[in-house]
file target33.cif (mmCIF, C-alpha atoms and all ligand atoms)
data_entry
#
loop_
_atom_site.label_atom_id
_atom_site.label_comp_id
_atom_site.auth_asym_id
_atom_site.auth_seq_id
_atom_site.Cartn_x
_atom_site.Cartn_y
_atom_site.Cartn_z
CA MET A 1436 63.34 76.67 75.51
CA MET A 1437 64.70 79.75 77.19
CA GLU A 1438 65.37 82.68 74.92
CA GLU A 1439 68.95 83.72 74.68
CA ASN A 1440 69.85 87.11 76.06
CA ILE A 1441 71.98 88.76 73.39
CA PHE A 1442 73.72 90.93 76.00
CA LEU A 1443 75.00 87.85 77.78
CA LYS A 1444 76.02 86.02 74.65
CA ASN A 1445 79.53 87.37 74.36
CA ARG A 1446 80.14 88.06 77.99
CA LYS A 1447 83.71 87.65 79.09
CA THR A 1448 84.86 85.73 82.10
CA MET A 1449 85.80 88.28 84.72
CA ASN A 1450 88.98 87.85 86.72
CA LEU A 1451 90.11 89.61 89.88
CA ALA A 1452 91.68 92.51 87.97
CA ASP A 1453 88.45 93.03 85.98
CA TYR A 1454 86.34 93.15 89.13
CA MET A 1455 88.79 95.58 90.71
CA LYS A 1456 88.67 97.84 87.70
CA ALA A 1457 84.90 97.86 87.74
CA GLN A 1458 84.76 99.33 91.25
CA GLU A 1459 86.86 102.37 90.38
CA ASN A 1460 84.08 104.68 89.23
CA GLY A 1461 81.04 102.85 90.48
CA ARG A 1462 79.95 104.92 93.47
CA GLU A 1463 79.38 108.56 92.67
CA ASN A 1464 77.86 109.53 95.97
CA LEU A 1465 79.10 107.06 98.53
CA GLY A 1466 82.69 107.04 97.27
CA ALA A 1467 85.48 104.51 97.56
CA GLU A 1468 85.69 103.90 101.32
CA LEU A 1469 83.94 101.54 103.71
CA PRO A 1470 84.16 101.14 107.49
CA VAL A 1471 86.41 98.41 108.91
CA ALA A 1472 83.24 96.86 110.35
CA VAL A 1473 82.06 96.02 106.82
CA TYR A 1474 85.42 94.51 105.92
CA ARG A 1475 85.37 92.35 109.04
CA LEU A 1476 81.76 91.38 108.55
CA LEU A 1477 82.67 90.01 105.13
CA GLU A 1478 85.92 88.42 106.29
CA TYR A 1479 84.65 86.72 109.42
CA SER A 1480 81.34 85.58 107.95
CA ILE A 1481 83.17 83.92 105.06
CA ARG A 1482 85.62 82.48 107.56
CA GLU A 1483 82.81 80.93 109.58
CA GLU A 1484 81.08 79.60 106.51
CA LEU A 1485 84.23 78.00 105.10
CA ALA A 1486 85.24 76.51 108.44
CA SER A 1487 81.81 74.99 109.01
CA ARG A 1488 81.67 73.53 105.50
CA PHE A 1489 85.23 72.37 105.01
CA GLY A 1490 86.90 72.45 108.42
CA LYS A 1491 89.36 74.89 109.86
CA GLU A 1492 92.43 73.64 108.05
CA LYS A 1493 90.84 74.07 104.64
CA GLN A 1494 89.47 77.48 105.62
CA ILE A 1495 92.98 78.64 106.54
CA GLU A 1496 94.37 77.29 103.28
CA ILE A 1497 91.69 79.10 101.27
CA PHE A 1498 92.28 82.39 103.10
CA ARG A 1499 96.00 82.11 102.51
CA SER A 1500 95.74 81.42 98.82
CA ALA A 1501 93.08 84.09 98.31
CA GLY A 1502 95.40 86.51 100.13
CA PHE A 1503 98.20 85.46 97.81
CA ARG A 1504 96.09 86.34 94.77
CA ALA A 1505 95.27 89.70 96.32
CA GLY A 1506 98.92 90.39 97.16
CA THR A 1507 100.01 89.54 93.63
CA TYR A 1508 97.39 91.88 92.22
CA PHE A 1509 98.27 94.61 94.74
CA ALA A 1510 101.97 94.44 93.83
CA GLU A 1511 101.27 94.58 90.12
CA LYS A 1512 98.77 97.39 90.38
CA TYR A 1513 100.08 99.62 93.15
CA LEU A 1514 103.79 98.91 93.56
CA ASP A 1515 106.84 99.49 91.40
CA SER A 1516 108.81 96.25 91.30
CA SER A 1517 111.76 97.92 89.56
CA LEU A 1518 112.64 99.80 92.78
CA GLU A 1519 115.48 98.50 94.90
CA LEU A 1520 114.49 96.87 98.17
CA SER A 1521 114.59 99.81 100.59
CA GLU A 1522 112.65 102.04 98.20
CA PHE A 1523 110.26 99.22 97.46
CA THR A 1524 109.51 98.61 101.13
CA ALA A 1525 109.09 102.36 101.69
CA GLN A 1526 106.55 102.43 98.90
CA LEU A 1527 104.82 99.36 100.31
CA GLN A 1528 104.59 101.01 103.74
CA LYS A 1529 103.09 104.08 102.19
CA ARG A 1530 100.51 102.17 100.16
CA LEU A 1531 99.44 100.01 103.11
CA GLU A 1532 98.83 103.17 105.10
CA GLU A 1533 97.02 104.89 102.24
CA PHE A 1534 94.70 101.91 101.93
CA LYS A 1535 94.41 101.74 105.73
CA ILE A 1536 95.44 98.09 105.72
CA GLY A 1537 97.96 98.61 108.51
CA VAL A 1538 101.26 100.15 109.54
CA LEU A 1539 104.17 98.08 108.24
CA ARG A 1540 107.67 97.84 109.67
CA ILE A 1541 110.51 95.67 108.42
CA GLU A 1542 112.18 94.34 111.55
CA LYS A 1543 114.80 92.14 109.97
CA PHE A 1544 116.05 91.27 106.56
CA ASP A 1545 118.78 88.79 105.75
CA GLU A 1546 120.15 89.60 102.31
CA GLU A 1547 121.79 86.23 101.95
CA THR A 1548 118.80 84.00 102.67
CA GLY A 1549 116.00 86.45 101.84
CA LYS A 1550 114.44 85.80 105.26
CA MET A 1551 112.42 88.70 106.54
CA VAL A 1552 110.53 89.65 109.69
CA LEU A 1553 107.74 92.17 109.21
CA THR A 1554 105.29 93.68 111.63
CA VAL A 1555 101.91 95.19 110.90
CA SER A 1556 100.28 97.32 113.57
CA GLU A 1557 96.70 98.54 113.47
CA ASP A 1558 96.06 95.61 111.17
CA ALA A 1559 92.61 95.73 109.55
CA ASP A 1560 91.93 92.06 110.22
CA CYS A 1561 92.66 91.53 113.88
CA SER A 1562 93.30 94.76 115.83
CA GLY A 1563 91.27 94.71 119.02
CA LEU A 1564 90.57 90.97 119.02
CA PRO A 1565 90.74 89.24 122.39
CA LEU A 1566 93.28 86.57 123.26
CA LEU A 1567 92.34 83.44 121.30
CA GLY A 1568 95.59 81.55 121.62
CA GLU A 1569 96.17 81.40 117.89
CA THR A 1570 97.05 83.75 115.05
CA VAL A 1571 94.18 84.67 112.74
CA CYS A 1572 95.70 86.73 109.94
CA ASN A 1573 96.02 83.94 107.38
CA TYR A 1574 94.77 86.20 104.61
CA ASP A 1575 97.59 88.63 105.42
CA GLU A 1576 100.11 85.78 105.35
CA GLY A 1577 99.12 85.11 101.77
CA PHE A 1578 98.90 88.81 100.95
CA LEU A 1579 102.47 89.52 102.07
CA ALA A 1580 103.76 86.34 100.42
CA GLY A 1581 102.09 87.38 97.17
CA ILE A 1582 103.70 90.81 97.28
CA LEU A 1583 107.18 89.47 98.04
CA THR A 1584 106.89 86.73 95.43
CA SER A 1585 105.78 89.21 92.83
CA TYR A 1586 108.62 91.60 93.71
CA THR A 1587 111.46 89.08 93.93
CA GLY A 1588 110.25 86.42 91.50
CA LYS A 1589 111.04 83.89 94.23
CA PRO A 1590 108.38 81.74 95.90
CA TYR A 1591 107.88 83.41 99.29
CA ASN A 1592 105.66 82.19 102.04
CA ALA A 1593 104.80 84.12 105.20
CA THR A 1594 103.78 82.86 108.62
CA GLU A 1595 102.23 84.97 111.33
CA VAL A 1596 103.96 84.38 114.65
CA ASN A 1597 102.39 87.10 116.79
CA CYS A 1598 98.91 88.59 116.54
CA TRP A 1599 96.35 90.50 118.62
CA ALA A 1600 94.70 87.09 118.94
CA THR A 1601 97.83 85.70 120.62
CA GLY A 1602 97.96 88.60 123.05
CA ASP A 1603 100.30 90.90 121.13
CA ARG A 1604 99.70 94.42 119.91
CA VAL A 1605 101.21 93.94 116.49
CA CYS A 1606 101.06 91.18 113.94
CA ARG A 1607 104.50 89.78 113.25
CA PHE A 1608 105.24 87.72 110.16
CA ARG A 1609 108.24 85.63 109.22
CA ALA A 1610 108.71 85.54 105.47
CA ASP A 1611 110.86 82.95 103.85
CA ILE A 1612 111.70 81.66 100.39
CA ASP A 1613 110.27 78.19 99.74
CA GLU A 1614 113.06 75.85 98.71
ZN ZN A 1701 97.08 89.30 113.35
#

call {"tool": "encode", "arguments": {"input": "target33.cif", "output": "structure tokens"}}
result
Amino acid sequence: MMEENIFLKNRKTMNLADYMKAQENGRENLGAELPVAVYRLLEYSIREELASRFGKEKQIEIFRSAGFRAGTYFAEKYLDSSLELSEFTAQLQKRLEEFKIGVLRIEKFDEETGKMVLTVSEDADCSGLPLLGETVCNYDEGFLAGILTSYTGKPYNATEVNCWATGDRVCRFRADIDE
């Protein structure tokens, strides 16, 4: 029989917020930043692995829902949901730049329906990609939907309609409340 490790006995189940907290003071010398190359290496290797195991449709679904978790966490941790919309979006723009995720613009917002068109330039996920004939920022779709859902309390989804990978120079997302 294997001996029990007393240090593991009462270990808690870590969730996303716990893992995020753990990284805050972990790297005395190397610090908190990483090159975009490392981010993309992680993103696109996982993408390939998921697509080859489960097919492309499932891979997209997983990226979207993982992005949604991240967006929900991001909104709760780094954004003030009590702000009114224009202040909230200004804060969101600022945070996305601080974290070097991308440069956000709100192109359109319909107060009545909640429909929104947002663009992200210099997006961390796809900037510089060649024309592939399809959008690739499914993680960002979920990320933005998570943020908007968390802020409004309404079930938002977001769909990328333009991307570097469709020959554009910005990523453009339509965000909509799910009925
Ligand atoms: Zn894109």

call {"tool": "closest_atom_pairs", "arguments": {"input": "target33.cif", "of": "chain A", "to": "ligand ZN 1701 (chain A)", "cutoff": "9 Å", "atoms": "all atoms listed in the file", "output": "JSON lines"}}
result
{"residue": "A:Val1555", "atom": "CA", "partner": "A:ZN1701", "partner_atom": "ZN", "distance": 8.0}
{"residue": "A:Ser1556", "atom": "CA", "partner": "A:ZN1701", "partner_atom": "ZN", "distance": 8.6}
{"residue": "A:Asp1558", "atom": "CA", "partner": "A:ZN1701", "partner_atom": "ZN", "distance": 6.8}
{"residue": "A:Ala1559", "atom": "CA", "partner": "A:ZN1701", "partner_atom": "ZN", "distance": 8.7}
{"residue": "A:Asp1560", "atom": "CA", "partner": "A:ZN1701", "partner_atom": "ZN", "distance": 6.6}
{"residue": "A:Cys1561", "atom": "CA", "partner": "A:ZN1701", "partner_atom": "ZN", "distance": 5.0}
{"residue": "A:Ser1562", "atom": "CA", "partner": "A:ZN1701", "partner_atom": "ZN", "distance": 7.1}
{"residue": "A:Leu1564", "atom": "CA", "partner": "A:ZN1701", "partner_atom": "ZN", "distance": 8.8}
{"residue": "A:Thr1570", "atom": "CA", "partner": "A:ZN1701", "partner_atom": "ZN", "distance": 5.8}
{"residue": "A:Val1571", "atom": "CA", "partner": "A:ZN1701", "partner_atom": "ZN", "distance": 5.5}
{"residue": "A:Cys1572", "atom": "CA", "partner": "A:ZN1701", "partner_atom": "ZN", "distance": 4.5}
{"residue": "A:Asn1573", "atom": "CA", "partner": "A:ZN1701", "partner_atom": "ZN", "distance": 8.1}
{"residue": "A:Asp1575", "atom": "CA", "partner": "A:ZN1701", "partner_atom": "ZN", "distance": 8.0}
{"residue": "A:Glu1595", "atom": "CA", "partner": "A:ZN1701", "partner_atom": "ZN", "distance": 7.0}
{"residue": "A:Val1596", "atom": "CA", "partner": "A:ZN1701", "partner_atom": "ZN", "distance": 8.6}
{"residue": "A:Asn1597", "atom": "CA", "partner": "A:ZN1701", "partner_atom": "ZN", "distance": 6.7}
{"residue": "A:Cys1598", "atom": "CA", "partner": "A:ZN1701", "partner_atom": "ZN", "distance": 3.7}
{"residue": "A:Trp1599", "atom": "CA", "partner": "A:ZN1701", "partner_atom": "ZN", "distance": 5.5}
{"residue": "A:Ala1600", "atom": "CA", "partner": "A:ZN1701", "partner_atom": "ZN", "distance": 6.5}
{"residue": "A:Thr1601", "atom": "CA", "partner": "A:ZN1701", "partner_atom": "ZN", "distance": 8.1}
{"residue": "A:Asp1603", "atom": "CA", "partner": "A:ZN1701", "partner_atom": "ZN", "distance": 8.6}
{"residue": "A:Arg1604", "atom": "CA", "partner": "A:ZN1701", "partner_atom": "ZN", "distance": 8.7}
{"residue": "A:Val1605", "atom": "CA", "partner": "A:ZN1701", "partner_atom": "ZN", "distance": 7.0}
{"residue": "A:Cys1606", "atom": "CA", "partner": "A:ZN1701", "partner_atom": "ZN", "distance": 4.4}
{"residue": "A:Arg1607", "atom": "CA", "partner": "A:ZN1701", "partner_atom": "ZN", "distance": 7.4}
{"residue": "A:Phe1608", "atom": "CA", "partner": "A:ZN1701", "partner_atom": "ZN", "distance": 8.9}

call {"tool": "axis_aligned_box", "arguments": {"input": "target33.cif", "around": "stretch 1465-1482 of chain A", "padding_each_side": "3 Å", "output": "JSON"}}
result
{"center_x": 82.8, "center_y": 94.8, "center_z": 103.8, "size_x": 13.3, "size_y": 30.6, "size_z": 19.1}

call {"tool": "atom_distance", "arguments": {"input": "target33.cif", "atom1": "atom CA of A:Asp1515", "atom2": "atom CA of A:Thr1548"}}
result
22.6 Å

call {"tool": "atom_distance", "arguments": {"input": "target33.cif", "atom1": "atom CA of A:Leu1579", "atom2": "atom CA of A:Leu1553"}}
result
9.3 Å

call {"tool": "closest_residue", "arguments": {"input": "target33.cif", "among": "A:Phe1523, A:Tyr1508, A:Tyr1513, A:Tyr1574", "to": "A:Ile1481", "atoms": "all atoms listed in the file"}}
result
A:Tyr1574

call {"tool": "atom_distance", "arguments": {"input": "target33.cif", "atom1": "atom CA of A:Ala1593", "atom2": "atom CA of A:Tyr1454"}}
result
26.1 Å

call {"tool": "residues_near_point", "arguments": {"input": "target33.cif", "point": "(112.3, 90.8, 108.5)", "cutoff": "7 Å", "atoms": "all atoms listed in the file", "output": "ChimeraX atom specification"}}
result
/A:1541-1544,1550-1553,1609

call {"tool": "closest_residue", "arguments": {"input": "target33.cif", "among": "A:Glu1492, A:Asp1545, A:Phe1503, A:Arg1462", "to": "A:Pro1590", "atoms": "all atoms listed in the file"}}
result
A:Phe1503

call {"tool": "residues_around", "arguments": {"input": "target33.cif", "residues": "A:Glu1483", "least_positions_apart": "5", "cutoff": "12 Å", "atoms": "only C-alpha atoms", "output": "short mmCIF file (atom, residue, chain, number, x, y, z; two decimals) with C-alpha atoms, in the frame of the given file"}}
result
data_model
loop_
_atom_site.label_atom_id
_atom_site.label_comp_id
_atom_site.auth_asym_id
_atom_site.auth_seq_id
_atom_site.Cartn_x
_atom_site.Cartn_y
_atom_site.Cartn_z
CA ARG A 1475 85.37 92.35 109.04
CA LEU A 1476 81.76 91.38 108.55
CA LEU A 1477 82.67 90.01 105.13
CA GLU A 1478 85.92 88.42 106.29
CA ARG A 1488 81.67 73.53 105.50
CA PHE A 1489 85.23 72.37 105.01
CA GLY A 1490 86.90 72.45 108.42
CA LYS A 1491 89.36 74.89 109.86
CA LYS A 1493 90.84 74.07 104.64
CA GLN A 1494 89.47 77.48 105.62
CA ILE A 1495 92.98 78.64 106.54
CA PHE A 1498 92.28 82.39 103.10
#

call {"tool": "residues_around", "arguments": {"input": "target33.cif", "residues": "A:Ala1580", "least_positions_apart": "4", "cutoff": "9 Å", "atoms": "only C-alpha atoms", "output": "VMD selection string"}}
result
chain A and resid 1502 to 1503 1506 to 1507 1575 to 1576 1584 to 1585 1590 to 1594 1610 to 1611

call {"tool": "residues_around", "arguments": {"input": "target33.cif", "residues": "A:Leu1451", "least_positions_apart": "2", "cutoff": "12 Å", "atoms": "all atoms listed in the file", "output": "mmCIF file with C-alpha atoms, keeping the file's coordinate frame"}}
result
data_model
loop_
_atom_site.group_PDB
_atom_site.id
_atom_site.type_symbol
_atom_site.label_atom_id
_atom_site.label_comp_id
_atom_site.auth_asym_id
_atom_site.auth_seq_id
_atom_site.Cartn_x
_atom_site.Cartn_y
_atom_site.Cartn_z
ATOM 1 C CA THR A 1448 84.860 85.730 82.100
ATOM 2 C CA MET A 1449 85.800 88.280 84.720
ATOM 3 C CA ASP A 1453 88.450 93.030 85.980
ATOM 4 C CA TYR A 1454 86.340 93.150 89.130
ATOM 5 C CA MET A 1455 88.790 95.580 90.710
ATOM 6 C CA LYS A 1456 88.670 97.840 87.700
ATOM 7 C CA ALA A 1457 84.900 97.860 87.740
ATOM 8 C CA GLN A 1458 84.760 99.330 91.250
ATOM 9 C CA ALA A 1501 93.080 84.090 98.310
ATOM 10 C CA GLY A 1502 95.400 86.510 100.130
ATOM 11 C CA ARG A 1504 96.090 86.340 94.770
ATOM 12 C CA ALA A 1505 95.270 89.700 96.320
ATOM 13 C CA GLY A 1506 98.920 90.390 97.160
ATOM 14 C CA THR A 1507 100.010 89.540 93.630
ATOM 15 C CA TYR A 1508 97.390 91.880 92.220
ATOM 16 C CA PHE A 1509 98.270 94.610 94.740
ATOM 17 C CA LYS A 1512 98.770 97.390 90.380
#

call {"tool": "closest_residue", "arguments": {"input": "target33.cif", "among": "A:Asn1445, A:Gly1549, A:Ser1500, A:Phe1578", "to": "A:Glu1614", "atoms": "only C-alpha atoms"}}
result
A:Gly1549

call {"tool": "closest_residue", "arguments": {"input": "target33.cif", "among": "A:Ala1472, A:Ile1612, A:Ala1452, A:Leu1539", "to": "A:Gly1581", "atoms": "only C-alpha atoms"}}
result
A:Ile1612

call {"tool": "closest_residue", "arguments": {"input": "target33.cif", "among": "A:Gly1602, A:Glu1484, A:Tyr1586, A:Lys1444", "to": "A:Leu1518", "atoms": "all atoms listed in the file"}}
result
A:Tyr1586

call {"tool": "closest_residue", "arguments": {"input": "target33.cif", "among": "A:Lys1535, A:Ser1517, A:Ala1486, A:Ile1582", "to": "A:Leu1469", "atoms": "only C-alpha atoms"}}
result
A:Lys1535
